[in-house]
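**Student:** If it helps, the file is called structure-v5.txt and holds compact mmCIF, C-alpha atoms:
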# COMPACT_ATOMS: atom_id res chain seq x y z
CA MET L 1 -72.28 -41.31 6.03
CA PRO L 2 -74.73 -41.36 8.95
CA LEU L 3 -74.62 -38.75 11.66
CA LEU L 4 -72.72 -39.67 14.78
CA PRO L 5 -74.57 -42.11 17.04
CA THR L 6 -75.44 -41.05 20.55
CA ALA L 7 -74.81 -42.78 23.84
CA PRO L 8 -77.61 -43.38 26.35
CA ARG L 9 -79.40 -40.21 27.47
CA ALA L 10 -78.15 -38.54 24.25
CA LEU L 11 -74.72 -38.03 25.78
CA ARG L 12 -72.20 -37.62 22.98
CA ARG L 13 -68.78 -38.93 23.99
CA ILE L 14 -65.37 -39.06 22.40
CA VAL L 15 -63.12 -41.78 23.79
CA ILE L 16 -59.40 -42.04 23.05
CA ILE L 17 -57.86 -45.46 23.71
CA SER L 18 -54.13 -44.98 24.16
CA ASP L 19 -51.73 -47.92 24.02
CA PHE L 20 -50.16 -46.86 27.33
CA GLN L 21 -49.96 -49.71 29.85
CA GLY L 22 -49.53 -49.22 33.58
CA GLY L 23 -49.38 -51.48 36.59
CA ASN L 24 -47.12 -54.28 37.72
CA ARG L 25 -48.12 -57.11 35.34
CA GLU L 26 -48.93 -59.43 38.24
CA ASN L 27 -51.17 -62.42 37.59
CA THR L 28 -54.75 -61.59 38.46
CA GLN L 29 -58.04 -63.47 38.34
CA LEU L 30 -59.83 -62.65 35.10
CA GLN L 31 -63.45 -61.68 35.67
CA THR L 32 -66.14 -61.74 32.96
CA PRO L 33 -67.44 -58.68 31.12
CA ALA L 34 -70.79 -59.19 32.89
CA TRP L 35 -69.07 -59.02 36.29
CA PHE L 36 -67.29 -55.82 35.33
CA CYS L 37 -70.54 -54.39 33.98
CA GLN L 38 -72.15 -54.80 37.38
CA GLN L 39 -69.14 -53.19 39.04
CA TRP L 40 -69.41 -50.17 36.77
CA LEU L 41 -73.17 -49.86 37.30
CA ALA L 42 -72.66 -50.04 41.06
CA GLY L 43 -70.12 -47.21 40.91
CA ASN L 44 -67.27 -49.39 42.17
CA ARG L 45 -65.07 -48.77 39.12
CA GLY L 46 -65.66 -45.07 38.72
CA PRO L 47 -68.39 -42.59 37.84
CA ALA L 48 -70.75 -42.90 34.90
CA PRO L 49 -70.07 -40.70 31.85
CA ARG L 50 -71.14 -37.15 32.52
CA PRO L 51 -71.21 -33.87 30.56
CA ALA L 52 -68.06 -31.78 30.81
CA HIS L 53 -69.91 -28.42 31.10
CA ARG L 54 -67.54 -26.84 28.66
CA GLY L 55 -67.23 -23.08 28.74
CA PRO L 56 -64.71 -20.29 28.36
CA ASN L 57 -62.36 -22.03 30.82
CA LEU L 58 -61.98 -25.04 28.54
CA GLU L 59 -58.54 -24.86 26.95
CA VAL L 60 -56.85 -27.25 24.53
CA ILE L 61 -53.69 -28.04 26.48
CA GLY L 62 -51.45 -30.92 27.48
CA GLY L 63 -49.86 -33.68 25.42
CA TYR L 64 -50.97 -34.98 22.05
CA ILE L 65 -53.16 -37.69 23.60
CA GLU L 66 -55.13 -34.99 25.44
CA ARG L 67 -55.21 -32.20 22.87
CA PHE L 68 -57.20 -34.14 20.26
CA PRO L 69 -60.26 -34.94 22.43
CA LEU L 70 -60.18 -31.51 24.08
CA ALA L 71 -60.30 -29.89 20.64
CA VAL L 72 -63.32 -31.97 19.66
CA LEU L 73 -65.00 -31.11 22.99
CA LYS L 74 -64.27 -27.39 22.69
CA ALA L 75 -65.74 -27.37 19.17
CA GLY L 76 -69.04 -28.66 20.57
CA LEU L 77 -69.01 -31.94 18.65
CA VAL L 78 -69.35 -33.94 21.87
CA ASP L 79 -70.58 -33.43 25.43
CA CYS L 80 -67.71 -35.16 27.18
CA ALA L 81 -64.24 -36.48 26.43
CA GLU L 82 -62.35 -39.40 27.95
CA VAL L 83 -58.94 -41.07 27.63
CA TRP L 84 -58.76 -44.82 28.32
CA THR L 85 -55.61 -46.79 29.15
CA HIS L 86 -54.83 -50.34 30.25
CA TRP L 87 -53.58 -51.60 33.61
CA HIS L 88 -51.86 -54.82 34.62
CA GLY L 89 -52.86 -55.83 38.12
CA ALA L 90 -55.88 -56.44 40.30
CA THR L 91 -56.64 -52.84 41.31
CA PRO L 92 -56.54 -50.27 38.51
CA PRO L 93 -56.78 -46.66 39.71
CA ILE L 94 -60.31 -45.28 39.60
CA GLU L 95 -59.14 -42.16 37.75
CA GLN L 96 -55.79 -40.62 36.88
CA PRO L 97 -55.08 -36.89 36.89
CA GLY L 98 -54.47 -35.20 33.58
CA ALA L 99 -53.65 -31.78 32.18
CA SER L 100 -57.30 -30.68 32.00
CA PRO L 101 -60.22 -31.04 34.43
CA PHE L 102 -62.52 -31.27 31.41
CA LEU L 103 -61.00 -34.58 30.33
CA MET L 104 -61.81 -37.78 32.23
CA ARG L 105 -59.14 -40.50 32.29
CA ARG L 106 -60.24 -44.08 32.91
CA VAL L 107 -57.96 -47.05 33.59
CA PHE L 108 -59.08 -50.57 32.63
CA GLN L 109 -57.73 -53.91 33.77
CA ALA L 110 -56.09 -55.65 30.81
CA ASN L 111 -56.66 -59.34 30.14
CA GLY L 112 -52.99 -59.71 29.22
CA SER L 113 -50.01 -57.86 27.82
CA GLU L 114 -50.24 -59.02 24.20
CA ALA L 115 -51.21 -56.40 21.64
CA PRO L 116 -53.75 -55.55 20.38
CA PHE L 117 -54.97 -55.34 23.98
CA SER L 118 -58.09 -57.05 25.25
CA SER L 119 -60.00 -56.05 28.38
CA ASN L 120 -63.13 -57.58 29.89
CA ASP L 121 -63.18 -54.51 32.13
CA MET L 122 -63.51 -52.28 29.06
CA LEU L 123 -66.21 -54.51 27.58
CA GLY L 124 -68.09 -54.29 30.88
CA HIS L 125 -67.95 -50.50 30.83
CA ILE L 126 -69.30 -50.41 27.26
CA ALA L 127 -72.09 -52.81 28.23
CA ALA L 128 -72.97 -50.61 31.20
CA PHE L 129 -72.98 -47.20 29.54
CA GLY L 130 -73.04 -47.83 25.81
CA PRO L 131 -70.40 -47.16 23.18
CA PRO L 132 -69.00 -43.68 22.62
CA SER L 133 -70.09 -41.58 19.67
CA ILE L 134 -66.48 -41.25 18.48
CA LEU L 135 -63.93 -43.93 19.31
CA CYS L 136 -60.27 -43.20 18.57
CA VAL L 137 -57.69 -45.97 18.86
CA TRP L 138 -54.02 -45.07 18.84
CA GLY L 139 -50.90 -47.17 18.42
CA LEU L 140 -50.94 -50.87 19.22
CA GLY L 141 -54.72 -50.95 19.34
CA VAL L 142 -57.43 -53.01 21.01
CA SER L 143 -58.82 -56.45 20.29
CA GLU L 144 -61.62 -56.91 17.81
CA ASP L 145 -64.23 -57.60 20.49
CA VAL L 146 -63.96 -54.01 21.73
CA LEU L 147 -64.59 -52.67 18.22
CA LEU L 148 -67.50 -55.06 17.74
CA ALA L 149 -68.99 -53.76 20.98
CA CYS L 150 -68.73 -50.26 19.45
CA ARG L 151 -70.42 -51.02 16.12
CA GLY L 152 -72.36 -47.76 16.27
CA SER L 153 -69.32 -45.59 17.01
CA PHE L 154 -67.44 -43.59 14.40
CA LYS L 155 -64.04 -45.26 14.73
CA ILE L 156 -60.70 -43.57 13.96
CA TYR L 157 -57.23 -45.12 13.98
CA ASN L 158 -53.74 -43.60 13.96
CA SER L 159 -50.61 -45.71 14.37
CA ILE L 160 -48.64 -42.81 15.97
CA ASP L 161 -45.34 -44.36 14.83
CA ALA L 162 -43.83 -45.12 11.43
CA PRO L 163 -45.70 -48.32 10.46
CA ALA L 164 -48.95 -47.17 8.87
CA LEU L 165 -50.94 -49.97 10.53
CA ARG L 166 -49.77 -51.52 13.77
CA VAL L 167 -52.87 -53.67 14.17
CA PRO L 168 -53.91 -56.88 12.35
CA PHE L 169 -56.44 -56.92 9.52
CA ASP L 170 -59.30 -58.20 11.69
CA VAL L 171 -58.92 -55.06 13.80
CA SER L 172 -58.10 -52.43 11.16
CA ARG L 173 -61.05 -53.41 8.95
CA HIS L 174 -63.50 -51.96 11.51
CA PHE L 175 -62.33 -48.35 11.31
CA ASN L 176 -64.27 -45.63 9.52
CA LEU L 177 -61.27 -43.32 9.09
CA ILE L 178 -57.51 -43.81 9.36
CA LEU L 179 -55.21 -40.87 10.05
CA THR L 180 -51.73 -41.13 8.57
CA GLY L 181 -48.49 -39.20 8.81
CA SER L 182 -47.47 -39.19 5.15
CA GLU L 183 -48.60 -40.15 1.65
CA TRP L 184 -46.72 -43.46 1.71
CA GLN L 185 -48.65 -44.42 4.84
CA SER L 186 -51.94 -43.60 3.10
CA ASP L 187 -50.86 -45.82 0.20
CA VAL L 188 -50.21 -48.70 2.60
CA VAL L 189 -53.65 -48.28 4.17
CA ARG L 190 -55.40 -48.12 0.79
CA SER L 191 -53.63 -51.28 -0.36
CA ARG L 192 -55.08 -53.16 2.62
CA HIS L 193 -58.42 -51.35 2.93
CA PRO L 194 -59.41 -49.70 -0.39
CA THR L 195 -62.77 -48.49 0.97
CA ILE L 196 -61.58 -46.89 4.23
CA PRO L 197 -60.88 -43.16 3.82
CA THR L 198 -57.56 -41.72 4.98
CA ILE L 199 -56.35 -38.23 5.71
CA ILE L 200 -52.75 -37.13 6.33
CA MET L 201 -53.15 -35.68 9.81
CA PRO L 202 -50.70 -36.97 12.43
CA ILE L 203 -52.40 -36.07 15.69
CA GLY L 204 -49.24 -35.01 17.53
CA PRO L 205 -47.89 -32.15 15.41
CA GLU L 206 -51.22 -31.28 13.77
CA PHE L 207 -53.22 -30.74 16.98
CA ALA L 208 -50.70 -28.33 18.46
CA SER L 209 -51.47 -26.12 21.46
CA GLU L 210 -50.16 -22.56 21.44
CA LEU L 211 -51.03 -22.33 25.14
CA THR L 212 -48.96 -25.30 26.30
CA PHE L 213 -45.88 -24.34 24.27
CA ARG L 214 -44.93 -20.68 23.89
CA PRO L 215 -41.89 -18.38 23.94
CA ILE L 216 -40.70 -17.00 27.25
CA ASP L 217 -37.97 -14.43 27.76
CA ILE L 218 -35.13 -16.34 29.42
CA PRO L 219 -31.43 -16.74 28.57
CA LYS L 220 -30.37 -19.33 25.99
CA THR L 221 -28.02 -21.71 27.81
CA TYR L 222 -28.11 -24.62 25.34
CA ASP L 223 -27.38 -24.71 21.63
CA VAL L 224 -29.49 -27.82 20.96
CA ILE L 225 -32.29 -29.62 22.80
CA TYR L 226 -33.64 -33.07 21.99
CA VAL L 227 -36.89 -34.06 23.72
CA ALA L 228 -37.31 -37.77 23.04
CA ALA L 229 -37.73 -41.10 24.79
CA ALA L 230 -34.56 -42.92 25.80
CA GLN L 231 -35.23 -45.61 23.21
CA ALA L 232 -33.18 -46.83 20.27
CA TYR L 233 -35.52 -45.63 17.50
CA LYS L 234 -35.10 -42.01 18.60
CA ARG L 235 -31.47 -42.23 17.39
CA HIS L 236 -29.73 -40.04 19.96
CA ASP L 237 -26.48 -41.36 18.49
CA ILE L 238 -26.97 -39.15 15.41
CA LEU L 239 -27.01 -36.04 17.59
CA PHE L 240 -24.05 -37.23 19.64
CA GLN L 241 -21.93 -37.99 16.57
CA ALA L 242 -22.77 -34.55 15.17
CA LEU L 243 -21.75 -32.82 18.39
CA ALA L 244 -18.45 -34.71 18.32
CA LYS L 245 -17.65 -32.99 15.01
CA LEU L 246 -18.34 -29.52 16.42
CA PRO L 247 -16.44 -27.36 18.95
CA ARG L 248 -16.55 -28.78 22.48
CA SER L 249 -18.11 -25.52 23.64
CA MET L 250 -21.37 -26.68 22.03
CA ARG L 251 -23.95 -27.51 24.73
CA ALA L 252 -26.91 -29.86 24.34
CA LEU L 253 -29.77 -31.03 26.56
CA CYS L 254 -31.65 -34.32 26.21
CA VAL L 255 -35.04 -34.56 27.93
CA CYS L 256 -36.26 -38.16 28.28
CA GLY L 257 -39.77 -38.75 29.57
CA TYR L 258 -39.46 -42.54 29.46
CA GLY L 259 -37.24 -45.27 28.10
CA GLU L 260 -34.63 -47.73 29.28
CA MET L 261 -31.45 -46.45 27.59
CA MET L 262 -30.22 -43.76 29.98
CA GLY L 263 -27.13 -45.75 30.91
CA THR L 264 -26.26 -46.29 27.25
CA LEU L 265 -26.79 -42.62 26.37
CA ARG L 266 -24.59 -41.41 29.21
CA ARG L 267 -21.87 -43.87 28.27
CA GLU L 268 -21.88 -42.68 24.65
CA VAL L 269 -21.61 -39.05 25.75
CA GLY L 270 -18.71 -39.88 28.04
CA GLU L 271 -16.85 -41.81 25.36
CA LEU L 272 -17.23 -38.96 22.86
CA GLY L 273 -16.30 -36.25 25.35
CA ILE L 274 -19.21 -34.02 24.37
CA ASN L 275 -21.16 -31.55 26.51
CA VAL L 276 -24.65 -33.02 27.05
CA ASP L 277 -26.95 -32.69 30.06
CA PHE L 278 -29.86 -35.07 30.69
CA ILE L 279 -33.31 -34.96 32.23
CA ASP L 280 -34.07 -38.56 33.19
CA PRO L 281 -37.40 -40.42 33.10
CA PRO L 282 -40.08 -39.88 34.21
CA GLY L 283 -39.36 -36.44 32.80
CA VAL L 284 -40.92 -33.16 33.87
CA PRO L 285 -44.33 -31.44 33.49
CA PHE L 286 -45.23 -29.66 30.24
CA GLU L 287 -44.58 -26.23 31.72
CA GLU L 288 -41.03 -27.25 32.56
CA VAL L 289 -40.53 -28.84 29.13
CA ASN L 290 -41.56 -25.53 27.61
CA ARG L 291 -39.09 -23.66 29.83
CA LEU L 292 -36.27 -26.02 28.89
CA MET L 293 -37.03 -25.64 25.18
CA ASN L 294 -36.88 -21.88 25.61
CA GLN L 295 -33.37 -22.27 27.01
CA ALA L 296 -32.21 -23.75 23.69
CA ARG L 297 -31.52 -22.17 20.32
CA ILE L 298 -32.70 -25.06 18.14
CA GLY L 299 -34.57 -28.34 18.61
CA ALA L 300 -33.51 -31.67 17.14
CA VAL L 301 -35.49 -34.61 15.74
CA CYS L 302 -33.10 -37.46 14.98
CA GLY L 303 -35.29 -40.52 14.38
CA ILE L 304 -35.71 -42.42 11.13
CA ASP L 305 -38.27 -45.15 11.76
CA ASP L 306 -40.45 -42.75 13.70
CA GLY L 307 -43.90 -41.34 13.24
CA ALA L 308 -44.47 -37.62 12.93
CA PRO L 309 -43.35 -36.65 16.46
CA ALA L 310 -45.51 -34.14 18.30
CA ILE L 311 -42.33 -32.38 19.38
CA LEU L 312 -41.90 -31.02 15.84
CA THR L 313 -44.52 -28.31 16.30
CA GLU L 314 -44.05 -28.13 20.07
CA TYR L 315 -40.49 -26.87 19.55
CA MET L 316 -41.77 -24.42 16.96
CA LEU L 317 -44.50 -23.03 19.20
CA ALA L 318 -41.84 -22.43 21.86
CA GLY L 319 -40.16 -20.24 19.25
CA ILE L 320 -37.23 -22.44 18.29
CA PRO L 321 -36.56 -23.84 14.80
CA VAL L 322 -36.07 -27.57 14.20
CA LEU L 323 -33.28 -29.58 12.62
CA ALA L 324 -34.75 -32.91 11.49
CA ASN L 325 -33.14 -36.02 10.12
CA SER L 326 -33.74 -36.00 6.36
CA GLN L 327 -34.48 -39.73 6.60
CA LEU L 328 -37.42 -39.23 9.02
CA ARG L 329 -40.22 -41.30 7.54
CA CYS L 330 -43.15 -39.13 8.69
CA GLY L 331 -43.37 -35.44 9.53
CA LEU L 332 -40.96 -33.71 7.16
CA GLN L 333 -43.91 -31.69 5.81
CA PHE L 334 -43.59 -29.55 8.95
CA ILE L 335 -40.04 -28.50 8.08
CA THR L 336 -40.10 -25.42 5.85
CA PRO L 337 -37.48 -22.71 5.21
CA GLU L 338 -39.11 -20.67 8.00
CA THR L 339 -39.42 -23.50 10.57
CA GLY L 340 -36.05 -25.24 10.23
CA ARG L 341 -34.09 -27.50 7.92
CA VAL L 342 -33.27 -31.15 7.31
CA ALA L 343 -29.90 -32.86 7.19
CA SER L 344 -28.69 -36.39 6.70
CA PRO L 345 -27.14 -38.22 9.66
CA GLU L 346 -23.71 -37.74 8.09
CA LYS L 347 -24.22 -34.00 7.77
CA PHE L 348 -26.22 -33.36 10.92
CA HIS L 349 -23.33 -31.32 12.35
CA GLU L 350 -23.45 -29.06 9.30
CA GLY L 351 -27.17 -28.56 9.88
CA ILE L 352 -26.55 -27.51 13.48
CA ARG L 353 -23.80 -25.10 12.46
CA ASP L 354 -25.86 -23.60 9.62
CA MET L 355 -28.97 -23.04 11.73
CA LEU L 356 -27.08 -21.50 14.63
CA GLY L 357 -25.57 -19.06 12.15
CA ARG L 358 -28.91 -17.78 10.86
CA LEU L 359 -31.41 -18.00 13.70
CA GLY L 360 -32.94 -14.68 12.69
CA THR L 361 -34.27 -16.14 9.42
CA PHE L 362 -36.72 -18.52 11.10
CA LYS L 363 -40.32 -17.81 12.16
CA PRO L 364 -41.42 -21.18 13.55
CA ARG L 365 -44.23 -20.11 15.87
CA GLU L 366 -45.86 -17.88 13.27
CA VAL L 367 -45.90 -20.70 10.71
CA VAL L 368 -47.44 -23.19 13.16
CA LEU L 369 -50.10 -20.70 14.24
CA ALA L 370 -51.00 -20.17 10.59
CA ASN L 371 -51.19 -23.86 9.69
CA TRP L 372 -51.10 -26.56 12.36
CA THR L 373 -52.67 -25.55 15.62
CA TRP L 374 -55.74 -27.56 16.56
CA PRO L 375 -58.40 -25.24 15.02
CA HIS L 376 -56.86 -25.72 11.55
CA SER L 377 -56.72 -29.49 11.91
CA LEU L 378 -60.21 -29.73 13.33
CA ARG L 379 -61.62 -27.86 10.34
CA LYS L 380 -60.09 -30.50 8.05
CA LEU L 381 -61.35 -33.35 10.22
CA ARG L 382 -64.83 -32.04 10.98
CA PRO L 383 -66.50 -33.16 7.73
CA PHE L 384 -65.70 -36.75 8.67
CA LEU L 385 -67.15 -36.27 12.14
CA ASP L 386 -70.37 -34.38 11.42
CA GLY L 387 -71.51 -36.66 8.62
CA SER L 388 -71.37 -34.06 5.83
CA ALA L 389 -68.73 -35.91 3.77
CA ARG L 390 -66.99 -39.26 3.67
For this file, produce the structure as structure tokens.

**Tutor:**
Amino acid sequence: MPLLPTAPRALRRIVIISDFQGGNRENTQLQTPAWFCQQWLAGNRGPAPRPAHRGPNLEVIGGYIERFPLAVLKAGLVDCAEVWTHWHGATPPIEQPGASPFLMRRVFQANGSEAPFSSNDMLGHIAAFGPPSILCVWGLGVSEDVLLACRGSFKIYNSIDAPALRVPFDVSRHFNLILTGSEWQSDVVRSRHPTIPTIIMPIGPEFASELTFRPIDIPKTYDVIYVAAAQAYKRHDILFQALAKLPRSMRALCVCGYGEMMGTLRREVGELGINVDFIDPPGVPFEEVNRLMNQARIGAVCGIDDGAPAILTEYMLAGIPVLANSQLRCGLQFITPETGRVASPEKFHEGIRDMLGRLGTFKPREVVLANWTWPHSLRKLRPFLDGSAR
């Protein structure tokens, strides 16, 4: 495996392309990559890539999209780190604020809303400044022309959610490494791409930050907390049905950062007569999420067709054990006797009752610190990045 390529002026960059889409989806005139290239070179679309001047103040914090590139930057494998997202509309923001000043966020005008996403704006940026050294593509992916423009990059893919590959063959064939959330996902990847290496390393729970999520000494006012999007695949109904089988004194909190099902969730709670509070989209900052988790005795993960949710180890770092659906397709490797337990949807209420009765037997933060914070994961990933092994 060759060493990582370098961008112009020997600037080593890691770029994360998230599948987040912003904007208003209005119809806009589609300019050519050459036009966007000139805009980038003129400084009209944002600054050129620049070193992050990492130092002792660089901390691996924020959400899972941010923690991965910050870990690579802090380890000295790159000189700067960026997160790219897509925008629908004529005037994408120049930059968007993030959790860390060491991480640049760029927003690119999308050609359309169909995944995998294409962007002449993104192609223009690559033409102007060269491809990154490490290109990571998460989720619904980008069109093949972006990967072809980054031939010299070391390219990593992770689907984030339960399907092992959420991109078509003509896109997935270009990656040098595919991160998976479980052995069955690795099997799926190998069946399609026998020569592409895989490693079981879901970026959310594996690249955990002990600084973002931590115990604080406040009263426990909720028995259960569920931090999850208000979307059907998160299966809030499993938690609600379990609560309906338990004493009505049981209190739960649902924190929803995004999603369109708040009306449905509230209606279900009302019909069941259970005691559930909600934090509506767009949610709250990470510090407040951490405080809310510290107000609960246990955290819940109810999904089935879900990836390995980052919240698994985020709960644990806040000091609370996790009850996970035994049918969760990715991420059950993080549930051990000291971090929580699993239960079927039919017996989820028994899992809640059992865990609340033996909270003193769990040591979730200690187990995560020993196994899954970002330094551990980066040590496993580094051989792929520094060229010493394939």

**Student:** For CA of Leu253 (chain L) and CA of Leu332 (chain L), determine how far apart the two atoms are, in Å to one decimal place.

**Tutor:**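 These two atoms are separated by 22.6 Å.
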
**Student:** Anything within 7 Å of (-48.6, -35.6, 33.3): list those residues as a PyMOL selection string, counting all atoms listed in the file and sticking to the file's coordinates.

**Tutor:** chain L and resi 98-99+285

**Student:** With C-alpha atoms retained, export the selected residues as an mmCIF file, in the coordinates of the input.

**Tutor:**
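This went into result.cif:
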data_model
loop_
_atom_site.group_PDB
_atom_site.id
_atom_site.type_symbol
_atom_site.label_atom_id
_atom_site.label_comp_id
_atom_site.auth_asym_id
_atom_site.auth_seq_id
_atom_site.Cartn_x
_atom_site.Cartn_y
_atom_site.Cartn_z
ATOM 1 C CA GLY L 98 -54.470 -35.200 33.580
ATOM 2 C CA ALA L 99 -53.650 -31.780 32.180
ATOM 3 C CA PRO L 285 -44.330 -31.440 33.490
#

**Student:** Quick one: which region 145-248 of chain L residues come within 12 Å of region 260-263 of chain L, and what is the nearest atom pair for each with the distance in Å to one decimal, counting all atoms listed in the file, rows ordered by chain and ascending number, as JSON lines?

**Tutor:**
{"residue": "L:Ala228", "atom": "CA", "partner": "L:Met261", "partner_atom": "CA", "distance": 11.4}
{"residue": "L:Ala229", "atom": "CA", "partner": "L:Glu260", "partner_atom": "CA", "distance": 8.6}
{"residue": "L:Ala230", "atom": "CA", "partner": "L:Met261", "partner_atom": "CA", "distance": 5.0}
{"residue": "L:Gln231", "atom": "CA", "partner": "L:Met261", "partner_atom": "CA", "distance": 5.8}
{"residue": "L:Ala232", "atom": "CA", "partner": "L:Met261", "partner_atom": "CA", "distance": 7.5}
{"residue": "L:Tyr233", "atom": "CA", "partner": "L:Met261", "partner_atom": "CA", "distance": 10.9}
{"residue": "L:Lys234", "atom": "CA", "partner": "L:Met261", "partner_atom": "CA", "distance": 10.7}
{"residue": "L:Arg235", "atom": "CA", "partner": "L:Met261", "partner_atom": "CA", "distance": 11.0}
{"residue": "L:His236", "atom": "CA", "partner": "L:Met261", "partner_atom": "CA", "distance": 10.1}
{"residue": "L:Asp237", "atom": "CA", "partner": "L:Met261", "partner_atom": "CA", "distance": 11.6}

**Student:** What does the distance from CA of Leu123 (chain L) to CA of Ser159 (chain L) come to in Å, to one decimal?

**Tutor:**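 Between CA of Leu123 (chain L) and CA of Ser159 (chain L) the gap is 22.3 Å.
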
**Student:** Residues at most 7 Å from region 238-251 of chain L, counting only C-alpha atoms, excluding those fewer than 6 positions away in the same chain, as an mmCIF file with C-alpha atoms, in the coordinates of the input?

**Tutor:**
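File result-v9.cif, as written:
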data_model
loop_
_atom_site.group_PDB
_atom_site.id
_atom_site.type_symbol
_atom_site.label_atom_id
_atom_site.label_comp_id
_atom_site.auth_asym_id
_atom_site.auth_seq_id
_atom_site.Cartn_x
_atom_site.Cartn_y
_atom_site.Cartn_z
ATOM 1 C CA TYR L 222 -28.110 -24.620 25.340
ATOM 2 C CA ASP L 223 -27.380 -24.710 21.630
ATOM 3 C CA VAL L 224 -29.490 -27.820 20.960
ATOM 4 C CA VAL L 269 -21.610 -39.050 25.750
ATOM 5 C CA LEU L 272 -17.230 -38.960 22.860
ATOM 6 C CA ILE L 274 -19.210 -34.020 24.370
ATOM 7 C CA ASN L 275 -21.160 -31.550 26.510
ATOM 8 C CA VAL L 276 -24.650 -33.020 27.050
ATOM 9 C CA CYS L 302 -33.100 -37.460 14.980
ATOM 10 C CA PRO L 345 -27.140 -38.220 9.660
ATOM 11 C CA PHE L 348 -26.220 -33.360 10.920
ATOM 12 C CA HIS L 349 -23.330 -31.320 12.350
#

**Student:** May I have the protein, DNA and RNA residues with an atom at most 12 Å from (-56.8, -27.6, 14.3), counting all atoms listed in the file in the file's coordinates, returned as a ChimeraX atom specification?

**Tutor:** /L:60,67-72,74-75,201-210,368-382

**Student:** So how many Å separate CA of Ile134 (chain L) and CA of Pro47 (chain L), to one decimal?

**Tutor:**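 Separation between CA of Ile134 (chain L) and CA of Pro47 (chain L): 19.5 Å.
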
**Student:** Can you pull out every residue within 12 Å of Val146 (chain L), counting all atoms listed in the file, but drop anything in the same chain fewer than 4 positions away, and send it as a PyMOL selection string?

**Tutor:** chain L and resi 17+33+116-127+130-132+135-137+141-142+150-153+155+170-171+174-175

**Student:** Which residue is closest to Gly43 (chain L)? Choose from L:Ala128, L:Ser18, L:Gly319, L:Ile216 and count all atoms listed in the file.

**Tutor:**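 Comparing L:Ala128, L:Ser18, L:Gly319, L:Ile216 against Gly43 (chain L), the winner is L:Ala128.
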
**Student:** Taking only C-alpha atoms into account, which of L:Ala110, L:Ile335, L:Ile14, L:Ala308 comes nearest Ala164 (chain L)?

**Tutor:**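 Among the listed residues, the smallest separation from Ala164 (chain L) belongs to L:Ala308.
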
**Student:** Near Arg291 (chain L), counting all atoms listed in the file, which residues have an atom at most 12 Å away, once you skip same-chain residues fewer than 2 positions from it, shown as a list in words?

**Tutor:**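 Returned residues: Thr212, Phe213, Arg214, Pro215, Ile216, Asp217, Ile218, Pro219, Lys220, Thr221, Tyr222, Ile225, Val255, Val284, Pro285, Phe286, Glu287, Glu288, Val289, Met293, Asn294, Gln295, Ala296, Glu314, Tyr315, Leu317, Ala318, Gly319 and Ile320 of chain L.
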
**Student:** Could you save the residues just selected, with C-alpha atoms, as a short mmCIF file (atom, residue, chain, number, x, y, z; two decimals), keeping the file's coordinate frame?

**Tutor:**
data_model
loop_
_atom_site.label_atom_id
_atom_site.label_comp_id
_atom_site.auth_asym_id
_atom_site.auth_seq_id
_atom_site.Cartn_x
_atom_site.Cartn_y
_atom_site.Cartn_z
CA THR L 212 -48.96 -25.30 26.30
CA PHE L 213 -45.88 -24.34 24.27
CA ARG L 214 -44.93 -20.68 23.89
CA PRO L 215 -41.89 -18.38 23.94
CA ILE L 216 -40.70 -17.00 27.25
CA ASP L 217 -37.97 -14.43 27.76
CA ILE L 218 -35.13 -16.34 29.42
CA PRO L 219 -31.43 -16.74 28.57
CA LYS L 220 -30.37 -19.33 25.99
CA THR L 221 -28.02 -21.71 27.81
CA TYR L 222 -28.11 -24.62 25.34
CA ILE L 225 -32.29 -29.62 22.80
CA VAL L 255 -35.04 -34.56 27.93
CA VAL L 284 -40.92 -33.16 33.87
CA PRO L 285 -44.33 -31.44 33.49
CA PHE L 286 -45.23 -29.66 30.24
CA GLU L 287 -44.58 -26.23 31.72
CA GLU L 288 -41.03 -27.25 32.56
CA VAL L 289 -40.53 -28.84 29.13
CA MET L 293 -37.03 -25.64 25.18
CA ASN L 294 -36.88 -21.88 25.61
CA GLN L 295 -33.37 -22.27 27.01
CA ALA L 296 -32.21 -23.75 23.69
CA GLU L 314 -44.05 -28.13 20.07
CA TYR L 315 -40.49 -26.87 19.55
CA LEU L 317 -44.50 -23.03 19.20
CA ALA L 318 -41.84 -22.43 21.86
CA GLY L 319 -40.16 -20.24 19.25
CA ILE L 320 -37.23 -22.44 18.29
#

**Student:** List the spatial neighbours of Phe362 (chain L) as JSON, numbers by chain - criterion: any atom at most 8 Å away, all atoms listed in the file, same-chain residues fewer than 6 positions off excluded.

**Tutor:** {"L": [321, 337, 338, 339, 340]}

**Student:** Considering all atoms listed in the file, state which residue in the set L:Gly23, L:Ser186, L:Ala81, L:Leu41 is at the smallest distance from Val107 (chain L).

**Tutor:**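 Ranked by minimum distance to Val107 (chain L), first place goes to L:Gly23.
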
**Student:** Using only C-alpha atoms, find the one residue out of L:Thr198, L:Gly257, L:Glu350, L:Leu265 that sits nearest to Asp277 (chain L).

**Tutor:**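 Answer, going by the shortest atom-to-atom distance: L:Leu265.
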